[in-house]
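Shown below: input04.cif, with mmCIF, C-alpha atoms.
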```
data_work
loop_
_atom_site.group_PDB
_atom_site.id
_atom_site.type_symbol
_atom_site.label_atom_id
_atom_site.label_comp_id
_atom_site.auth_asym_id
_atom_site.auth_seq_id
_atom_site.Cartn_x
_atom_site.Cartn_y
_atom_site.Cartn_z
ATOM 1 C CA MET A 1 99.405 19.524 133.363
ATOM 2 C CA LYS A 2 98.554 23.197 132.841
ATOM 3 C CA SER A 3 95.696 24.207 130.544
ATOM 4 C CA TYR A 4 96.527 27.099 128.241
ATOM 5 C CA ILE A 5 93.162 27.314 126.479
ATOM 6 C CA ASN A 6 91.496 29.647 128.957
ATOM 7 C CA GLN A 7 94.538 31.702 129.854
ATOM 8 C CA LYS A 8 94.533 35.163 128.361
ATOM 9 C CA MET A 9 97.916 36.028 126.980
ATOM 10 C CA GLU A 10 98.944 39.527 126.122
ATOM 11 C CA ARG A 11 99.482 39.388 122.392
ATOM 12 C CA LYS A 12 99.220 41.848 119.609
ATOM 13 C CA GLU A 13 96.311 41.281 117.195
ATOM 14 C CA HIS A 14 97.430 39.737 113.910
ATOM 15 C CA LEU A 15 94.615 37.491 112.673
ATOM 16 C CA LEU A 16 92.219 39.388 110.406
ATOM 17 C CA ARG A 17 89.887 36.783 108.863
ATOM 18 C CA GLY A 18 89.726 33.187 107.737
ATOM 19 C CA ILE A 19 89.391 32.205 104.104
ATOM 20 C CA PRO A 20 88.590 28.557 103.367
ATOM 21 C CA VAL A 21 90.563 26.710 100.714
ATOM 22 C CA LEU A 22 88.320 23.910 99.450
ATOM 23 C CA ALA A 23 89.145 20.912 97.302
ATOM 24 C CA SER A 24 87.680 20.758 93.798
ATOM 25 C CA LEU A 25 87.584 17.882 91.322
ATOM 26 C CA ASN A 26 87.073 20.353 88.473
ATOM 27 C CA ILE A 27 87.833 24.031 89.146
ATOM 28 C CA LYS A 28 85.697 25.478 86.370
ATOM 29 C CA LYS A 29 82.691 23.322 87.312
ATOM 30 C CA SER A 30 83.082 24.382 90.967
ATOM 31 C CA VAL A 31 83.173 28.058 90.028
ATOM 32 C CA GLU A 32 80.099 27.637 87.832
ATOM 33 C CA PHE A 33 78.230 25.870 90.664
ATOM 34 C CA TYR A 34 79.068 28.630 93.149
ATOM 35 C CA LYS A 35 78.027 31.311 90.648
ATOM 36 C CA THR A 36 74.722 29.763 89.551
ATOM 37 C CA LYS A 37 73.597 27.975 92.736
ATOM 38 C CA LEU A 38 75.144 29.989 95.583
ATOM 39 C CA GLY A 39 75.174 33.468 94.050
ATOM 40 C CA PHE A 40 78.915 34.127 93.980
ATOM 41 C CA ASN A 41 79.452 37.070 91.664
ATOM 42 C CA ARG A 42 83.171 37.891 91.757
ATOM 43 C CA VAL A 43 86.029 35.863 90.332
ATOM 44 C CA GLY A 44 89.445 37.048 91.457
ATOM 45 C CA TYR A 45 91.473 34.301 89.821
ATOM 46 C CA LEU A 46 90.685 31.261 87.699
ATOM 47 C CA ASP A 47 92.724 28.603 85.938
ATOM 48 C CA ASP A 48 92.522 24.801 85.724
ATOM 49 C CA ASN A 49 94.251 24.277 89.089
ATOM 50 C CA TYR A 50 93.171 27.155 91.346
ATOM 51 C CA ALA A 51 90.405 29.706 91.761
ATOM 52 C CA VAL A 52 89.458 32.593 94.038
ATOM 53 C CA ILE A 53 85.796 33.655 94.091
ATOM 54 C CA ALA A 54 83.590 35.772 96.352
ATOM 55 C CA ARG A 55 80.097 36.783 97.318
ATOM 56 C CA ASP A 56 79.521 39.790 99.552
ATOM 57 C CA LYS A 57 82.378 39.684 102.101
ATOM 58 C CA PHE A 58 82.944 35.923 101.853
ATOM 59 C CA ILE A 59 85.917 34.732 99.815
ATOM 60 C CA VAL A 60 86.716 31.099 99.019
ATOM 61 C CA HIS A 61 89.703 29.535 97.279
ATOM 62 C CA PHE A 62 89.655 26.208 95.426
ATOM 63 C CA TRP A 63 92.539 23.864 94.726
ATOM 64 C CA LYS A 64 92.417 21.079 92.140
ATOM 65 C CA CYS A 65 92.464 17.549 93.480
ATOM 66 C CA ASP A 66 91.898 14.164 91.877
ATOM 67 C CA ASN A 67 90.354 12.259 94.780
ATOM 68 C CA LYS A 68 86.784 12.852 95.960
ATOM 69 C CA ILE A 69 87.789 11.848 99.489
ATOM 70 C CA HIS A 70 89.138 15.391 99.992
ATOM 71 C CA PRO A 71 86.014 17.452 99.255
ATOM 72 C CA GLU A 72 83.714 14.843 100.769
ATOM 73 C CA ASN A 73 85.530 15.238 104.100
ATOM 74 C CA THR A 74 85.922 19.008 104.116
ATOM 75 C CA SER A 75 83.717 21.755 105.479
ATOM 76 C CA CYS A 76 83.700 25.416 106.389
ATOM 77 C CA TYR A 77 81.473 27.709 108.459
ATOM 78 C CA VAL A 78 80.223 31.120 107.345
ATOM 79 C CA ASP A 79 78.786 33.765 109.683
ATOM 80 C CA VAL A 80 75.847 35.493 107.982
ATOM 81 C CA GLN A 81 73.117 38.021 108.612
ATOM 82 C CA ASP A 82 69.435 37.626 107.690
ATOM 83 C CA ILE A 83 69.848 33.852 107.599
ATOM 84 C CA ASP A 84 66.170 33.124 106.933
ATOM 85 C CA THR A 85 66.256 35.052 103.648
ATOM 86 C CA LEU A 86 69.527 33.396 102.578
ATOM 87 C CA TYR A 87 68.077 29.988 103.405
ATOM 88 C CA GLU A 88 65.026 30.576 101.203
ATOM 89 C CA GLU A 89 67.254 31.801 98.362
ATOM 90 C CA LEU A 90 69.515 28.731 98.437
ATOM 91 C CA LYS A 91 66.657 26.304 99.104
ATOM 92 C CA ALA A 92 65.170 27.312 95.731
ATOM 93 C CA PHE A 93 68.329 25.960 94.051
ATOM 94 C CA GLY A 94 68.071 22.561 95.749
ATOM 95 C CA VAL A 95 71.448 22.740 97.478
ATOM 96 C CA ILE A 96 70.401 22.339 101.120
ATOM 97 C CA HIS A 97 72.053 19.303 102.723
ATOM 98 C CA PRO A 98 69.411 16.618 103.457
ATOM 99 C CA ASN A 99 70.445 16.649 107.142
ATOM 100 C CA GLY A 100 71.052 20.402 107.300
ATOM 101 C CA PRO A 101 67.751 22.330 107.242
ATOM 102 C CA LEU A 102 67.497 25.697 108.963
ATOM 103 C CA GLU A 103 67.217 25.295 112.721
ATOM 104 C CA ASP A 104 68.230 26.761 116.047
ATOM 105 C CA LYS A 105 71.136 24.923 117.657
ATOM 106 C CA PRO A 106 71.713 24.491 121.404
ATOM 107 C CA TYR A 107 75.027 26.359 121.128
ATOM 108 C CA GLY A 108 73.288 29.620 120.255
ATOM 109 C CA MET A 109 73.372 29.574 116.467
ATOM 110 C CA ARG A 110 70.611 29.451 113.846
ATOM 111 C CA GLU A 111 72.121 27.553 110.933
ATOM 112 C CA PHE A 112 71.770 25.393 107.854
ATOM 113 C CA ALA A 113 74.139 23.483 105.594
ATOM 114 C CA VAL A 114 74.657 22.998 101.867
ATOM 115 C CA LEU A 115 76.706 20.564 99.824
ATOM 116 C CA ASP A 116 78.564 21.821 96.785
ATOM 117 C CA ASN A 117 78.937 19.855 93.555
ATOM 118 C CA ASP A 118 82.023 17.996 94.867
ATOM 119 C CA GLY A 119 80.723 17.269 98.366
ATOM 120 C CA ASN A 120 82.241 20.119 100.403
ATOM 121 C CA LEU A 121 79.925 20.928 103.313
ATOM 122 C CA ILE A 122 79.278 24.616 103.914
ATOM 123 C CA LYS A 123 77.452 25.650 107.074
ATOM 124 C CA PHE A 124 75.858 29.065 107.310
ATOM 125 C CA GLY A 125 75.091 30.419 110.754
ATOM 126 C CA GLN A 126 73.759 33.459 112.589
ATOM 127 C CA GLU A 127 73.912 34.060 116.314
ATOM 128 C CA ILE A 128 70.519 33.739 117.995
ATOM 129 C CA GLU A 129 69.590 37.002 119.703
#
```
How does this structure look as structure tokens?
Amino acid sequence: MKSYINQKMERKEHLLRGIPVLASLNIKKSVEFYKTKLGFNRVGYLDDNYAVIARDKFIVHFWKCDNKIHPENTSCYVDVQDIDTLYEELKAFGVIHPNGPLEDKPYGMREFAVLDNDGNLIKFGQEIE
């Protein structure tokens, strides 16, 4: 069987960026958590069933769900710069995942993880130079 993963195909560029869509048990509580604990400062849309918020160049969407199994089994990864400063900022708010302190990974990333109020795992990473 042929492997297509490593084959370079001539294709036009279409993909611009990824925006996670995370599950939320309570949209307004999620938005408040991201504003007060994670420093999100822009709300693009907000109602009881959906929200769009941002910090810097990172945008996240939330959809309302009624089962905690969804957020507790969801994660996203965010590329950052000056990760040590961001880590200290978020550490002060007590949101660092117990198993996700800042550390260098064997795959060339320096990263840490946080859990939001519903259990979504968010990993922040910076390439090791």
- Task: Name the residues that the PyMOL selection byres ((chain A and resi 94) around 12) picks from the file above, as a count of residues only, using the file's chain letters and numbers.
- Result: 21
Can you list, as an mmCIF file with C-alpha atoms, in the coordinates of the input, every protein, DNA or RNA residue that comes within 10 Å of A:Arg55 when you count only C-alpha atoms, leaving out same-chain residues fewer than 6 positions away?
```
data_model
loop_
_atom_site.group_PDB
_atom_site.id
_atom_site.type_symbol
_atom_site.label_atom_id
_atom_site.label_comp_id
_atom_site.auth_asym_id
_atom_site.auth_seq_id
_atom_site.Cartn_x
_atom_site.Cartn_y
_atom_site.Cartn_z
ATOM 1 C CA TYR A 34 79.068 28.630 93.149
ATOM 2 C CA LYS A 35 78.027 31.311 90.648
ATOM 3 C CA LEU A 38 75.144 29.989 95.583
ATOM 4 C CA GLY A 39 75.174 33.468 94.050
ATOM 5 C CA PHE A 40 78.915 34.127 93.980
ATOM 6 C CA ASN A 41 79.452 37.070 91.664
ATOM 7 C CA ARG A 42 83.171 37.891 91.757
ATOM 8 C CA VAL A 43 86.029 35.863 90.332
#
```
- What do you get, as an MDAnalysis selection string, if you spell out every residue that the PyMOL selection byres ((chain A and resi 44) around 12) selects here? chainID A and resid 31 40:43 45:47 50:55 59:62
- Message: Take the PyMOL selection byres ((chain A and resi 129) around 9), run it mentally on this structure, and tell me the resulting residues as JSON, numbers by chain.
- Response: {"A": [108, 109, 126, 127, 128]}
Polymer residues at most 7 Å from A:Asn120, all atoms listed in the file, same-chain spacing of 2 or more positions, as a compact mmCIF listing (two decimals) with C-alpha atoms, in the frame of the given file:
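This went into result-v3.txt:
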```txt
# COMPACT_ATOMS: atom_id res chain seq x y z
CA PRO A 71 86.01 17.45 99.26
CA GLU A 72 83.71 14.84 100.77
CA ASN A 73 85.53 15.24 104.10
CA THR A 74 85.92 19.01 104.12
CA SER A 75 83.72 21.76 105.48
CA LEU A 115 76.71 20.56 99.82
CA ASP A 116 78.56 21.82 96.78
CA ASP A 118 82.02 18.00 94.87
CA ILE A 122 79.28 24.62 103.91
```
